[in-house]
Amino acid sequence: MKVTRRGLLTTTVATLVASARWPRSLAAAVAEELEVPDNVRVDTFDFEAKGIDGWTAVDGGQWTVEEMTGAPSGRKVLVQRAIKNAYNVIVAPTGPYTDVDVSVKFKPMSGREDASGGIVFRFTDGKYYVVRANALEGNFRLYYYDRGRRQLASASVKPPALGQWHTIRVVAVGDRMQGWLDGALLLNHRDTRFRSGRVGVWTKADSITAFDDLTIRGVTGGG
């Protein structure tokens, strides 16, 4: 049987990904991109007019809408300034959603223990998934939270620079979840714990982080 160079490469990549010898980022890179239907509800938050009226802060956090030079759109952004909590979560008033495609721009401003930002999705009764990036660490990770945080997937990355805007995106369809950082698909994972819930943003420890242009495309349902 004749084996072509392309065929040999495809087989080798598939074998290495399946045996987990290569980073998760490679497994994500060769995965088919998840999609939600085109006709789903779209909710956008740029914090210019309504601010965070109707949002729900969880376990404290110091969430304020502030004017910021160089904001991705308009002049106002959402900033989290508490530095003594384990985690800071705030969820948008829309939803709940089952399948979602969510993106947000975030700027890690400061933090010695942590300088991070993330997207919370399928938030219900204090339980949720979060995909987060950390300017102090060379990784991009998916966790679930249920009275404690547990890691589900991780990819090695160049840490997002402090003081600069970056983009996180999450797509969750059924039990499949994918995560992007600055346009690169890095996480591809399956998990069945949480099926629906609201969407929000997240920081950890002493992170002071700004957020803007949260966009949620989602199938509403569940609770």
# chains A, B, ... in the order shown; residues from 1 in each chain; ligands from 1
call {"tool": "residues_around", "arguments": {"residues": "Phe211 (chain A)", "least_positions_apart": "3", "cutoff": "10 Å", "atoms": "only C-alpha atoms", "output": "ChimeraX atom specification"}}
result
/A:45-47,65,71-72,76-80,104-108,117-118,165-167,201-202,214
call {"tool": "residues_around", "arguments": {"residues": "Ser73 (chain A)", "least_positions_apart": "5", "cutoff": "9 Å", "atoms": "only C-alpha atoms", "output": "PyMOL selection string"}}
result
chain A and resi 46+48+212-213
call {"tool": "residues_around", "arguments": {"residues": "Arg190 (chain A)", "least_positions_apart": "6", "cutoff": "8 Å", "atoms": "only C-alpha atoms", "output": "JSON list (two decimals) with N, CA, C and O atoms, in the first residue's frame"}}
result
[["chain", "number", "residue", "atom", "x", "y", "z"],
["A", 175, "ASP", "N", -22.44, 19.13, 25.62],
["A", 175, "ASP", "CA", -21.38, 18.85, 26.59],
["A", 175, "ASP", "C", -20.00, 19.26, 26.08],
["A", 175, "ASP", "O", -18.99, 18.97, 26.71],
["A", 176, "ARG", "N", -19.94, 19.93, 24.94],
["A", 176, "ARG", "CA", -18.66, 20.33, 24.37],
["A", 176, "ARG", "C", -18.39, 21.81, 24.63],
["A", 176, "ARG", "O", -19.29, 22.65, 24.53],
["A", 177, "MET", "N", -17.13, 22.13, 24.96],
["A", 177, "MET", "CA", -16.74, 23.50, 25.28],
["A", 177, "MET", "C", -15.41, 23.81, 24.61],
["A", 177, "MET", "O", -14.50, 22.99, 24.63]]
call {"tool": "select_by_dssp", "arguments": {"residues": "region 20-182 of chain A", "states": "strand (DSSP E)", "output": "JSON, numbers by chain"}}
result
{"A": [41, 42, 43, 44, 45, 56, 57, 58, 63, 64, 65, 66, 67, 76, 77, 78, 79, 80, 87, 88, 89, 90, 91, 97, 98, 99, 100, 101, 102, 103, 104, 105, 106, 107, 108, 109, 110, 116, 117, 118, 119, 120, 121, 122, 123, 124, 127, 128, 129, 130, 131, 132, 133, 134, 139, 140, 141, 142, 143, 144, 145, 149, 150, 151, 152, 153, 154, 155, 156, 166, 167, 168, 169, 170, 171, 172, 173, 176, 177, 178, 179, 180, 181]}
call {"tool": "residues_around", "arguments": {"residues": "Tyr143 (chain A)", "least_positions_apart": "6", "cutoff": "6 Å", "atoms": "only C-alpha atoms", "output": "CSV table (one decimal) with C-alpha atoms, in the first residue's frame"}}
result
chain,number,residue,atom,x,y,z
A,129,TYR,CA,-17.7,27.0,34.4
A,130,VAL,CA,-15.0,29.6,33.9
A,150,ARG,CA,-11.4,22.1,39.8
A,151,GLN,CA,-9.4,22.3,36.6
A,152,LEU,CA,-10.8,20.6,33.5
call {"tool": "residues_around", "arguments": {"residues": "Gly197 (chain A)", "least_positions_apart": "4", "cutoff": "10 Å", "atoms": "only C-alpha atoms", "output": "JSON, numbers by chain"}}
result
{"A": [91, 94, 95, 96, 97, 98, 99, 100, 120, 121, 122, 123, 124, 125, 127, 128, 129, 220, 221, 222, 223]}
call {"tool": "atom_distance", "arguments": {"atom1": "CA of Pro93 (chain A)", "atom2": "CA of Gly51 (chain A)"}}
result
11.7 Å
call {"tool": "closest_residue", "arguments": {"among": "A:Thr44, A:Thr56, A:Asn88, A:Ser156", "to": "Ala184 (chain A)", "atoms": "only C-alpha atoms"}}
result
A:Ser156
call {"tool": "closest_residue", "arguments": {"among": "A:Val131, A:Met68, A:Ile83, A:Ala153", "to": "Trp180 (chain A)", "atoms": "only C-alpha atoms"}}
result
A:Val131
call {"tool": "closest_residue", "arguments": {"among": "A:Gly179, A:Pro160, A:Gly126, A:Gly174", "to": "Arg147 (chain A)", "atoms": "only C-alpha atoms"}}
result
A:Gly126
call {"tool": "atom_distance", "arguments": {"atom1": "CA of Glu32 (chain A)", "atom2": "CA of Arg149 (chain A)"}}
result
27.7 Å
call {"tool": "select_by_dssp", "arguments": {"residues": "region 25-180 of chain A", "states": "alpha helix (DSSP H)", "output": "number ranges by chain"}}
result
A: 25-29
call {"tool": "atom_distance", "arguments": {"atom1": "CA of Ala86 (chain A)", "atom2": "CA of Gln164 (chain A)"}}
result
23.7 Å
call {"tool": "closest_residue", "arguments": {"among": "A:Gly70, A:Gly54, A:Gly218, A:Gly111", "to": "Val173 (chain A)", "atoms": "only C-alpha atoms"}}
result
A:Gly218
call {"tool": "closest_residue", "arguments": {"among": "A:Gln178, A:Ser154, A:Ser110, A:Asn39", "to": "Ala210 (chain A)", "atoms": "only C-alpha atoms"}}
result
A:Ser110
call {"tool": "closest_residue", "arguments": {"among": "A:Asp53, A:Ala133, A:Thr215, A:Ala205", "to": "Leu186 (chain A)", "atoms": "only C-alpha atoms"}}
result
A:Ala133
call {"tool": "decode", "arguments": {"residues": "region 53-81 of chain A", "atoms": "N, CA, C and O atoms", "output": "PDB file, in the first residue's frame"}}
result
ATOM      1  N   ASP A  53     -26.721  47.896  35.855  1.00  0.00           N
ATOM      2  CA  ASP A  53     -28.057  47.768  36.438  1.00  0.00           C
ATOM      3  C   ASP A  53     -28.614  46.385  36.134  1.00  0.00           C
ATOM      4  O   ASP A  53     -28.609  45.938  34.976  1.00  0.00           O
ATOM      5  N   GLY A  54     -29.063  45.681  37.165  1.00  0.00           N
ATOM      6  CA  GLY A  54     -29.634  44.355  36.980  1.00  0.00           C
ATOM      7  C   GLY A  54     -28.629  43.227  37.046  1.00  0.00           C
ATOM      8  O   GLY A  54     -29.014  42.060  37.066  1.00  0.00           O
ATOM      9  N   TRP A  55     -27.340  43.536  37.066  1.00  0.00           N
ATOM     10  CA  TRP A  55     -26.319  42.506  37.198  1.00  0.00           C
ATOM     11  C   TRP A  55     -26.280  41.994  38.640  1.00  0.00           C
ATOM     12  O   TRP A  55     -26.695  42.673  39.573  1.00  0.00           O
ATOM     13  N   THR A  56     -25.734  40.799  38.835  1.00  0.00           N
ATOM     14  CA  THR A  56     -25.659  40.187  40.156  1.00  0.00           C
ATOM     15  C   THR A  56     -24.205  39.907  40.521  1.00  0.00           C
ATOM     16  O   THR A  56     -23.537  39.111  39.853  1.00  0.00           O
ATOM     17  N   ALA A  57     -23.720  40.581  41.570  1.00  0.00           N
ATOM     18  CA  ALA A  57     -22.373  40.317  42.070  1.00  0.00           C
ATOM     19  C   ALA A  57     -22.438  39.156  43.056  1.00  0.00           C
ATOM     20  O   ALA A  57     -23.332  39.091  43.905  1.00  0.00           O
ATOM     21  N   VAL A  58     -21.488  38.232  42.940  1.00  0.00           N
ATOM     22  CA  VAL A  58     -21.481  37.015  43.756  1.00  0.00           C
ATOM     23  C   VAL A  58     -20.271  37.048  44.683  1.00  0.00           C
ATOM     24  O   VAL A  58     -19.145  37.278  44.242  1.00  0.00           O
ATOM     25  N   ASP A  59     -20.503  36.801  45.977  1.00  0.00           N
ATOM     26  CA  ASP A  59     -19.407  36.739  46.956  1.00  0.00           C
ATOM     27  C   ASP A  59     -18.565  38.007  46.947  1.00  0.00           C
ATOM     28  O   ASP A  59     -17.333  37.972  46.906  1.00  0.00           O
ATOM     29  N   GLY A  60     -19.231  39.142  46.984  1.00  0.00           N
ATOM     30  CA  GLY A  60     -18.512  40.400  47.076  1.00  0.00           C
ATOM     31  C   GLY A  60     -17.982  40.862  45.738  1.00  0.00           C
ATOM     32  O   GLY A  60     -18.609  40.695  44.695  1.00  0.00           O
ATOM     33  N   GLY A  61     -16.801  41.424  45.761  1.00  0.00           N
ATOM     34  CA  GLY A  61     -16.258  42.041  44.562  1.00  0.00           C
ATOM     35  C   GLY A  61     -16.574  43.524  44.562  1.00  0.00           C
ATOM     36  O   GLY A  61     -17.600  43.953  45.095  1.00  0.00           O
ATOM     37  N   GLN A  62     -15.724  44.315  44.013  1.00  0.00           N
ATOM     38  CA  GLN A  62     -15.914  45.753  43.902  1.00  0.00           C
ATOM     39  C   GLN A  62     -15.989  46.098  42.426  1.00  0.00           C
ATOM     40  O   GLN A  62     -15.005  46.451  41.786  1.00  0.00           O
ATOM     41  N   TRP A  63     -17.190  45.981  41.891  1.00  0.00           N
ATOM     42  CA  TRP A  63     -17.425  46.167  40.460  1.00  0.00           C
ATOM     43  C   TRP A  63     -17.955  47.569  40.201  1.00  0.00           C
ATOM     44  O   TRP A  63     -18.979  47.963  40.745  1.00  0.00           O
ATOM     45  N   THR A  64     -17.253  48.332  39.363  1.00  0.00           N
ATOM     46  CA  THR A  64     -17.668  49.692  39.054  1.00  0.00           C
ATOM     47  C   THR A  64     -17.523  49.943  37.555  1.00  0.00           C
ATOM     48  O   THR A  64     -16.678  49.328  36.895  1.00  0.00           O
ATOM     49  N   VAL A  65     -18.340  50.838  37.048  1.00  0.00           N
ATOM     50  CA  VAL A  65     -18.204  51.288  35.667  1.00  0.00           C
ATOM     51  C   VAL A  65     -17.427  52.589  35.691  1.00  0.00           C
ATOM     52  O   VAL A  65     -17.798  53.545  36.387  1.00  0.00           O
ATOM     53  N   GLU A  66     -16.321  52.628  34.943  1.00  0.00           N
ATOM     54  CA  GLU A  66     -15.419  53.773  34.971  1.00  0.00           C
ATOM     55  C   GLU A  66     -15.077  54.214  33.551  1.00  0.00           C
ATOM     56  O   GLU A  66     -15.067  53.399  32.629  1.00  0.00           O
ATOM     57  N   GLU A  67     -14.768  55.483  33.414  1.00  0.00           N
ATOM     58  CA  GLU A  67     -14.234  55.962  32.146  1.00  0.00           C
ATOM     59  C   GLU A  67     -12.768  55.564  32.042  1.00  0.00           C
ATOM     60  O   GLU A  67     -12.032  55.602  33.033  1.00  0.00           O
ATOM     61  N   MET A  68     -12.354  55.147  30.842  1.00  0.00           N
ATOM     62  CA  MET A  68     -10.979  54.691  30.656  1.00  0.00           C
ATOM     63  C   MET A  68     -10.496  55.090  29.265  1.00  0.00           C
ATOM     64  O   MET A  68     -11.132  54.771  28.258  1.00  0.00           O
ATOM     65  N   THR A  69      -9.367  55.766  29.225  1.00  0.00           N
ATOM     66  CA  THR A  69      -8.750  56.114  27.953  1.00  0.00           C
ATOM     67  C   THR A  69      -8.363  54.839  27.197  1.00  0.00           C
ATOM     68  O   THR A  69      -7.813  53.915  27.781  1.00  0.00           O
ATOM     69  N   GLY A  70      -8.673  54.809  25.922  1.00  0.00           N
ATOM     70  CA  GLY A  70      -8.329  53.640  25.125  1.00  0.00           C
ATOM     71  C   GLY A  70      -9.296  52.491  25.258  1.00  0.00           C
ATOM     72  O   GLY A  70      -8.965  51.359  24.867  1.00  0.00           O
ATOM     73  N   ALA A  71     -10.500  52.741  25.797  1.00  0.00           N
ATOM     74  CA  ALA A  71     -11.509  51.675  25.886  1.00  0.00           C
ATOM     75  C   ALA A  71     -11.799  51.131  24.495  1.00  0.00           C
ATOM     76  O   ALA A  71     -11.808  51.879  23.511  1.00  0.00           O
ATOM     77  N   PRO A  72     -12.064  49.829  24.377  1.00  0.00           N
ATOM     78  CA  PRO A  72     -12.319  49.237  23.055  1.00  0.00           C
ATOM     79  C   PRO A  72     -13.467  49.884  22.305  1.00  0.00           C
ATOM     80  O   PRO A  72     -13.444  49.979  21.079  1.00  0.00           O
ATOM     81  N   SER A  73     -14.498  50.311  23.031  1.00  0.00           N
ATOM     82  CA  SER A  73     -15.603  51.038  22.399  1.00  0.00           C
ATOM     83  C   SER A  73     -16.137  52.056  23.399  1.00  0.00           C
ATOM     84  O   SER A  73     -16.245  51.770  24.593  1.00  0.00           O
ATOM     85  N   GLY A  74     -16.461  53.229  22.923  1.00  0.00           N
ATOM     86  CA  GLY A  74     -16.940  54.260  23.820  1.00  0.00           C
ATOM     87  C   GLY A  74     -15.863  54.701  24.799  1.00  0.00           C
ATOM     88  O   GLY A  74     -14.665  54.641  24.514  1.00  0.00           O
ATOM     89  N   ARG A  75     -16.320  55.114  26.002  1.00  0.00           N
ATOM     90  CA  ARG A  75     -15.384  55.607  27.016  1.00  0.00           C
ATOM     91  C   ARG A  75     -15.439  54.831  28.323  1.00  0.00           C
ATOM     92  O   ARG A  75     -14.564  54.990  29.164  1.00  0.00           O
ATOM     93  N   LYS A  76     -16.470  54.002  28.502  1.00  0.00           N
ATOM     94  CA  LYS A  76     -16.669  53.357  29.790  1.00  0.00           C
ATOM     95  C   LYS A  76     -16.404  51.858  29.734  1.00  0.00           C
ATOM     96  O   LYS A  76     -16.672  51.205  28.719  1.00  0.00           O
ATOM     97  N   VAL A  77     -15.888  51.336  30.851  1.00  0.00           N
ATOM     98  CA  VAL A  77     -15.599  49.908  30.968  1.00  0.00           C
ATOM     99  C   VAL A  77     -16.015  49.446  32.363  1.00  0.00           C
ATOM    100  O   VAL A  77     -16.222  50.265  33.269  1.00  0.00           O
ATOM    101  N   LEU A  78     -16.109  48.145  32.534  1.00  0.00           N
ATOM    102  CA  LEU A  78     -16.388  47.540  33.838  1.00  0.00           C
ATOM    103  C   LEU A  78     -15.061  47.168  34.484  1.00  0.00           C
ATOM    104  O   LEU A  78     -14.218  46.522  33.862  1.00  0.00           O
ATOM    105  N   VAL A  79     -14.859  47.576  35.745  1.00  0.00           N
ATOM    106  CA  VAL A  79     -13.601  47.302  36.448  1.00  0.00           C
ATOM    107  C   VAL A  79     -13.886  46.606  37.765  1.00  0.00           C
ATOM    108  O   VAL A  79     -14.809  46.984  38.503  1.00  0.00           O
ATOM    109  N   GLN A  80     -13.079  45.599  38.073  1.00  0.00           N
ATOM    110  CA  GLN A  80     -13.153  44.902  39.358  1.00  0.00           C
ATOM    111  C   GLN A  80     -11.920  45.298  40.171  1.00  0.00           C
ATOM    112  O   GLN A  80     -10.792  45.074  39.764  1.00  0.00           O
ATOM    113  N   ARG A  81     -12.149  45.896  41.389  1.00  0.00           N
ATOM    114  CA  ARG A  81     -11.039  46.435  42.171  1.00  0.00           C
ATOM    115  C   ARG A  81     -10.856  45.784  43.547  1.00  0.00           C
ATOM    116  O   ARG A  81      -9.927  46.168  44.282  1.00  0.00           O
TER     117      ARG A  81
END
